[in-house]
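Next comes my_file-v4.pdb, with PDB, C-alpha atoms, pLDDT in the B column.
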```pdb
ATOM      1  CA  MET C   1      -2.344  93.119 -25.282  1.00 79.00           C
ATOM      2  CA  PRO C   2      -2.035  93.901 -21.564  1.00 92.00           C
ATOM      3  CA  VAL C   3      -1.240  91.080 -19.163  1.00 96.00           C
ATOM      4  CA  GLU C   4      -4.345  89.553 -17.583  1.00 94.00           C
ATOM      5  CA  LEU C   5      -4.916  86.608 -15.301  1.00 96.00           C
ATOM      6  CA  ASN C   6      -6.879  84.112 -17.402  1.00 97.00           C
ATOM      7  CA  HIS C   7      -7.310  81.072 -15.153  1.00 97.00           C
ATOM      8  CA  THR C   8      -5.959  79.304 -12.138  1.00 98.00           C
ATOM      9  CA  ILE C   9      -6.222  75.735 -10.923  1.00 98.00           C
ATOM     10  CA  VAL C  10      -7.864  75.189  -7.548  1.00 98.00           C
ATOM     11  CA  HIS C  11      -7.071  71.863  -5.888  1.00 98.00           C
ATOM     12  CA  ALA C  12     -10.021  70.141  -4.249  1.00 98.00           C
ATOM     13  CA  ARG C  13     -10.877  66.812  -2.668  1.00 98.00           C
ATOM     14  CA  ASP C  14     -13.857  66.696  -5.064  1.00 98.00           C
ATOM     15  CA  ASN C  15     -13.713  69.096  -7.996  1.00 98.00           C
ATOM     16  CA  ARG C  16     -17.455  69.059  -8.638  1.00 98.00           C
ATOM     17  CA  GLU C  17     -18.392  69.603  -4.985  1.00 98.00           C
ATOM     18  CA  SER C  18     -16.029  72.562  -4.604  1.00 98.00           C
ATOM     19  CA  ALA C  19     -16.925  74.142  -7.954  1.00 98.00           C
ATOM     20  CA  GLU C  20     -20.655  73.835  -7.340  1.00 98.00           C
ATOM     21  CA  PHE C  21     -20.289  75.162  -3.786  1.00 98.00           C
ATOM     22  CA  LEU C  22     -18.478  78.318  -4.904  1.00 98.00           C
ATOM     23  CA  ALA C  23     -20.697  78.828  -7.945  1.00 98.00           C
ATOM     24  CA  HIS C  24     -23.779  78.586  -5.743  1.00 98.00           C
ATOM     25  CA  ILE C  25     -22.487  81.042  -3.135  1.00 98.00           C
ATOM     26  CA  LEU C  26     -21.415  83.576  -5.776  1.00 98.00           C
ATOM     27  CA  GLY C  27     -24.465  83.137  -8.002  1.00 98.00           C
ATOM     28  CA  LEU C  28     -22.359  81.806 -10.888  1.00 98.00           C
ATOM     29  CA  GLN C  29     -22.561  78.722 -13.098  1.00 97.00           C
ATOM     30  CA  THR C  30     -20.182  75.814 -13.360  1.00 98.00           C
ATOM     31  CA  GLY C  31     -18.897  75.252 -16.858  1.00 97.00           C
ATOM     32  CA  THR C  32     -18.629  72.063 -18.841  1.00 97.00           C
ATOM     33  CA  GLU C  33     -16.142  69.588 -17.422  1.00 97.00           C
ATOM     34  CA  TRP C  34     -12.936  69.742 -19.420  1.00 95.00           C
ATOM     35  CA  GLY C  35     -10.457  66.960 -18.743  1.00 97.00           C
ATOM     36  CA  PRO C  36      -9.888  66.905 -14.976  1.00 96.00           C
ATOM     37  CA  PHE C  37     -11.353  70.402 -14.494  1.00 98.00           C
ATOM     38  CA  ILE C  38     -14.708  71.851 -13.495  1.00 98.00           C
ATOM     39  CA  PRO C  39     -14.529  75.558 -14.391  1.00 98.00           C
ATOM     40  CA  VAL C  40     -16.195  78.497 -12.664  1.00 98.00           C
ATOM     41  CA  ALA C  41     -15.806  81.738 -14.634  1.00 98.00           C
ATOM     42  CA  THR C  42     -15.999  85.166 -13.025  1.00 97.00           C
ATOM     43  CA  SER C  43     -17.372  88.250 -14.775  1.00 96.00           C
ATOM     44  CA  ASN C  44     -13.896  89.704 -15.354  1.00 95.00           C
ATOM     45  CA  GLY C  45     -12.903  86.680 -17.434  1.00 94.00           C
ATOM     46  CA  VAL C  46     -10.866  84.772 -14.853  1.00 97.00           C
ATOM     47  CA  THR C  47     -11.730  81.089 -14.602  1.00 98.00           C
ATOM     48  CA  LEU C  48     -11.133  78.945 -11.539  1.00 98.00           C
ATOM     49  CA  ASP C  49     -10.524  75.404 -12.774  1.00 98.00           C
ATOM     50  CA  PHE C  50     -11.286  72.982  -9.926  1.00 98.00           C
ATOM     51  CA  ALA C  51      -9.228  69.770 -10.035  1.00 98.00           C
ATOM     52  CA  THR C  52      -9.550  66.747  -7.763  1.00 98.00           C
ATOM     53  CA  VAL C  53      -6.292  65.855  -6.002  1.00 98.00           C
ATOM     54  CA  PRO C  54      -5.514  63.711  -2.947  1.00 97.00           C
ATOM     55  CA  ALA C  55      -6.478  65.610   0.226  1.00 95.00           C
ATOM     56  CA  GLU C  56      -2.901  65.471   1.532  1.00 96.00           C
ATOM     57  CA  SER C  57      -1.724  67.282  -1.624  1.00 96.00           C
ATOM     58  CA  ILE C  58      -3.935  70.325  -1.080  1.00 97.00           C
ATOM     59  CA  THR C  59      -2.123  73.468  -0.060  1.00 97.00           C
ATOM     60  CA  ILE C  60      -4.676  75.850   1.396  1.00 96.00           C
ATOM     61  CA  GLN C  61      -5.010  79.042  -0.638  1.00 97.00           C
ATOM     62  CA  HIS C  62      -6.963  82.297  -0.311  1.00 97.00           C
ATOM     63  CA  TYR C  63      -9.303  83.622  -3.003  1.00 98.00           C
ATOM     64  CA  ALA C  64     -10.954  87.048  -2.723  1.00 98.00           C
ATOM     65  CA  PHE C  65     -13.901  88.113  -4.864  1.00 98.00           C
ATOM     66  CA  LEU C  66     -14.897  91.725  -5.397  1.00 98.00           C
ATOM     67  CA  VAL C  67     -18.687  91.897  -5.672  1.00 98.00           C
ATOM     68  CA  PRO C  68     -21.216  94.739  -5.929  1.00 98.00           C
ATOM     69  CA  ASP C  69     -23.356  95.454  -2.873  1.00 98.00           C
ATOM     70  CA  ASP C  70     -26.435  93.636  -4.182  1.00 98.00           C
ATOM     71  CA  GLU C  71     -24.362  90.537  -5.017  1.00 98.00           C
ATOM     72  CA  PHE C  72     -22.820  90.663  -1.534  1.00 98.00           C
ATOM     73  CA  ASP C  73     -26.320  90.649  -0.053  1.00 98.00           C
ATOM     74  CA  ALA C  74     -27.344  87.685  -2.222  1.00 98.00           C
ATOM     75  CA  ALA C  75     -24.138  85.729  -1.470  1.00 98.00           C
ATOM     76  CA  PHE C  76     -24.441  86.493   2.237  1.00 98.00           C
ATOM     77  CA  GLU C  77     -28.004  85.176   2.193  1.00 98.00           C
ATOM     78  CA  ARG C  78     -26.872  81.967   0.436  1.00 98.00           C
ATOM     79  CA  ILE C  79     -24.053  81.552   2.974  1.00 98.00           C
ATOM     80  CA  GLN C  80     -26.557  81.818   5.806  1.00 98.00           C
ATOM     81  CA  GLN C  81     -29.101  79.522   4.096  1.00 97.00           C
ATOM     82  CA  THR C  82     -26.495  76.789   3.603  1.00 96.00           C
ATOM     83  CA  GLY C  83     -25.290  77.055   7.198  1.00 97.00           C
ATOM     84  CA  THR C  84     -21.794  77.919   6.023  1.00 98.00           C
ATOM     85  CA  LEU C  85     -19.716  79.402   8.823  1.00 98.00           C
ATOM     86  CA  TYR C  86     -18.484  82.918   8.093  1.00 98.00           C
ATOM     87  CA  TYR C  87     -16.176  85.362   9.798  1.00 98.00           C
ATOM     88  CA  ALA C  88     -15.282  89.048   9.773  1.00 98.00           C
ATOM     89  CA  ASP C  89     -11.562  88.255   9.782  1.00 97.00           C
ATOM     90  CA  PRO C  90      -9.187  85.914   7.936  1.00 95.00           C
ATOM     91  CA  HIS C  91      -8.006  84.332  11.205  1.00 96.00           C
ATOM     92  CA  MET C  92     -11.595  83.232  11.896  1.00 96.00           C
ATOM     93  CA  LYS C  93     -11.735  84.735  15.350  1.00 97.00           C
ATOM     94  CA  GLN C  94     -14.902  86.796  14.697  1.00 98.00           C
ATOM     95  CA  PRO C  95     -17.581  84.238  13.767  1.00 98.00           C
ATOM     96  CA  ASN C  96     -20.995  85.270  12.447  1.00 98.00           C
ATOM     97  CA  GLU C  97     -19.837  88.824  11.776  1.00 98.00           C
ATOM     98  CA  ILE C  98     -18.978  90.816   8.668  1.00 98.00           C
ATOM     99  CA  ASN C  99     -16.396  93.585   8.431  1.00 97.00           C
ATOM    100  CA  HIS C 100     -16.667  97.124   7.087  1.00 96.00           C
ATOM    101  CA  HIS C 101     -13.114  97.620   5.859  1.00 93.00           C
ATOM    102  CA  HIS C 102     -12.280 100.156   3.170  1.00 91.00           C
ATOM    103  CA  GLY C 103     -15.745 101.707   3.335  1.00 93.00           C
ATOM    104  CA  GLY C 104     -17.467  98.483   2.259  1.00 96.00           C
ATOM    105  CA  ARG C 105     -18.392  95.076   3.611  1.00 98.00           C
ATOM    106  CA  GLY C 106     -16.565  91.787   3.638  1.00 98.00           C
ATOM    107  CA  LEU C 107     -16.539  88.305   5.067  1.00 98.00           C
ATOM    108  CA  TYR C 108     -14.529  85.088   4.983  1.00 98.00           C
ATOM    109  CA  PHE C 109     -15.632  81.453   4.696  1.00 98.00           C
ATOM    110  CA  LEU C 110     -14.105  78.090   3.837  1.00 98.00           C
ATOM    111  CA  ASP C 111     -14.861  76.007   0.777  1.00 98.00           C
ATOM    112  CA  PRO C 112     -15.200  72.188   1.022  1.00 98.00           C
ATOM    113  CA  ALA C 113     -11.439  71.718   0.484  1.00 98.00           C
ATOM    114  CA  GLY C 114     -10.572  74.226   3.220  1.00 97.00           C
ATOM    115  CA  HIS C 115      -9.544  77.134   0.992  1.00 98.00           C
ATOM    116  CA  GLY C 116     -10.174  80.566   2.466  1.00 98.00           C
ATOM    117  CA  MET C 117     -12.760  82.421   0.418  1.00 98.00           C
ATOM    118  CA  GLU C 118     -13.472  86.119   0.832  1.00 98.00           C
ATOM    119  CA  ILE C 119     -16.111  88.404  -0.597  1.00 98.00           C
ATOM    120  CA  ILE C 120     -15.647  92.172  -0.440  1.00 98.00           C
ATOM    121  CA  THR C 121     -17.571  95.131  -1.797  1.00 98.00           C
ATOM    122  CA  ARG C 122     -14.631  97.553  -1.965  1.00 96.00           C
ATOM    123  CA  PRO C 123     -11.068  96.829  -3.053  1.00 93.00           C
ATOM    124  CA  TYR C 124      -8.399  97.082  -0.382  1.00 88.00           C
ATOM    125  CA  GLY C 125      -7.018 100.603  -0.118  1.00 83.00           C
ATOM    126  CA  SER C 126     -10.027 102.138  -1.883  1.00 76.00           C
ATOM    127  CA  HIS C 127     -11.226 104.092   1.132  1.00 69.00           C
ATOM    128  CA  GLU C 128      -9.009 106.864   2.374  1.00 59.00           C
ATOM    129  CA  ALA C 129      -8.770 107.286   6.107  1.00 52.00           C
ATOM    130  CA  THR C 130     -10.757 110.161   7.489  1.00 47.00           C
ATOM    131  CA  PRO C 131      -8.398 112.930   8.623  1.00 45.00           C
ATOM    132  CA  PRO C 132      -8.394 113.495  12.386  1.00 46.00           C
ATOM    133  CA  ALA C 133     -10.689 116.248  13.648  1.00 47.00           C
ATOM    134  CA  SER C 134      -8.889 119.447  14.513  1.00 45.00           C
TER
END
```
Kindly return the structure encoded in the file as structure tokens.
Amino acid sequence: MPVELNHTIVHARDNRESAEFLAHILGLQTGTEWGPFIPVATSNGVTLDFATVPAESITIQHYAFLVPDDEFDAAFERIQQTGTLYYADPHMKQPNEINHHHGGRGLYFLDPAGHGMEIITRPYGSHEATPPAS
């Protein structure tokens, strides 16, 4: 069997709030609570298990989600409807903009615990640079 990422634990101030927030934005479902975890499964089989921890214990992480164009449109609409701030860059210096890196579209936003979330329509490095005109 090849090596695959199966799940990761995402620390949150409130596991349900963070799981439901991300599930809503991405058009996913939260799973059944299991012990201290509220799971959100992605279509490639990776589960994010949200766990409540003290706020001072949270180390901010970055999570990037590759989505098809129509799912990007739907997620972008949900981001706007919820009033969630979004940015074209990970340093959050380009508010209310999306980027067009790698021949696709992308944006960044924060979840309730402060984790950096990113949605992209093309994987990094998937778009070759156009050769200079001669």
(request) Taking the file as shown, find all residues satisfying the PyMOL selection byres ((chain C and resi 84) around 12) and write them as a list of chain:residue names. (result) C:Phe21, C:Leu22, C:His24, C:Ile25, C:Ala75, C:Phe76, C:Glu77, C:Arg78, C:Ile79, C:Gln80, C:Gln81, C:Thr82, C:Gly83, C:Leu85, C:Tyr86, C:Tyr87, C:Pro95, C:Asn96, C:Leu107, C:Tyr108, C:Phe109, C:Leu110, C:Asp111, C:Pro112, C:Met117
(message) Running the PyMOL selection byres ((chain C and resi 14) around 12) on this model by hand, what would come out? Give it as an NGL selection string.
(response) :C and (10-13 or 15-21 or 36-38 or 50-55 or 58 or 111-114)
Residue subset to file, keeping C-alpha atoms, as a short mmCIF file (atom, residue, chain, number, x, y, z; two decimals), in the frame of the given file:
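So again_26.cif came out as:
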```cif
data_model
loop_
_atom_site.label_atom_id
_atom_site.label_comp_id
_atom_site.auth_asym_id
_atom_site.auth_seq_id
_atom_site.Cartn_x
_atom_site.Cartn_y
_atom_site.Cartn_z
CA VAL C 10 -7.86 75.19 -7.55
CA HIS C 11 -7.07 71.86 -5.89
CA ALA C 12 -10.02 70.14 -4.25
CA ARG C 13 -10.88 66.81 -2.67
CA ASN C 15 -13.71 69.10 -8.00
CA ARG C 16 -17.45 69.06 -8.64
CA GLU C 17 -18.39 69.60 -4.99
CA SER C 18 -16.03 72.56 -4.60
CA ALA C 19 -16.92 74.14 -7.95
CA GLU C 20 -20.66 73.83 -7.34
CA PHE C 21 -20.29 75.16 -3.79
CA PRO C 36 -9.89 66.90 -14.98
CA PHE C 37 -11.35 70.40 -14.49
CA ILE C 38 -14.71 71.85 -13.50
CA PHE C 50 -11.29 72.98 -9.93
CA ALA C 51 -9.23 69.77 -10.04
CA THR C 52 -9.55 66.75 -7.76
CA VAL C 53 -6.29 65.86 -6.00
CA PRO C 54 -5.51 63.71 -2.95
CA ALA C 55 -6.48 65.61 0.23
CA ILE C 58 -3.94 70.32 -1.08
CA ASP C 111 -14.86 76.01 0.78
CA PRO C 112 -15.20 72.19 1.02
CA ALA C 113 -11.44 71.72 0.48
CA GLY C 114 -10.57 74.23 3.22
#
```
(request) Name every residue that the PyMOL selection byres ((chain C and resi 106) around 12) selects in this structure, writing the answer as number ranges by chain with chains first and numbers rising. (result) C: 64-69, 71-73, 75-76, 86-90, 96-105, 107-109, 117-124
(message) Between CA of Tyr63 (chain C) and CA of Leu48 (chain C), what distance in Å does the model show, to one decimal?
(response)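 Taking CA of Tyr63 (chain C) and CA of Leu48 (chain C), their separation equals 9.9 Å.
In terms of minimum interatomic distance to Asp49 (chain C), C:Ile9 ranks closest within C:Ala74, C:Met1, C:Ile9, C:Met92, counting all atoms listed in the file.
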So which residues are close to (-3.3, 89.9, -11.2), meaning at most 12 Å away in the file's coordinates with all atoms listed in the file counted, and can you show them as a PDB file with C-alpha atoms, keeping the file's coordinate frame?
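Listed below is the output, result_0.pdb:
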```pdb
ATOM      1  CA  PRO C   2      -2.035  93.901 -21.564  1.00 92.00           C
ATOM      2  CA  VAL C   3      -1.240  91.080 -19.163  1.00 96.00           C
ATOM      3  CA  GLU C   4      -4.345  89.553 -17.583  1.00 94.00           C
ATOM      4  CA  LEU C   5      -4.916  86.608 -15.301  1.00 96.00           C
ATOM      5  CA  ASN C   6      -6.879  84.112 -17.402  1.00 97.00           C
ATOM      6  CA  HIS C   7      -7.310  81.072 -15.153  1.00 97.00           C
ATOM      7  CA  THR C   8      -5.959  79.304 -12.138  1.00 98.00           C
ATOM      8  CA  ASN C  44     -13.896  89.704 -15.354  1.00 95.00           C
ATOM      9  CA  GLY C  45     -12.903  86.680 -17.434  1.00 94.00           C
ATOM     10  CA  VAL C  46     -10.866  84.772 -14.853  1.00 97.00           C
ATOM     11  CA  TYR C  63      -9.303  83.622  -3.003  1.00 98.00           C
ATOM     12  CA  ALA C  64     -10.954  87.048  -2.723  1.00 98.00           C
TER      13      ALA C  64
END
```
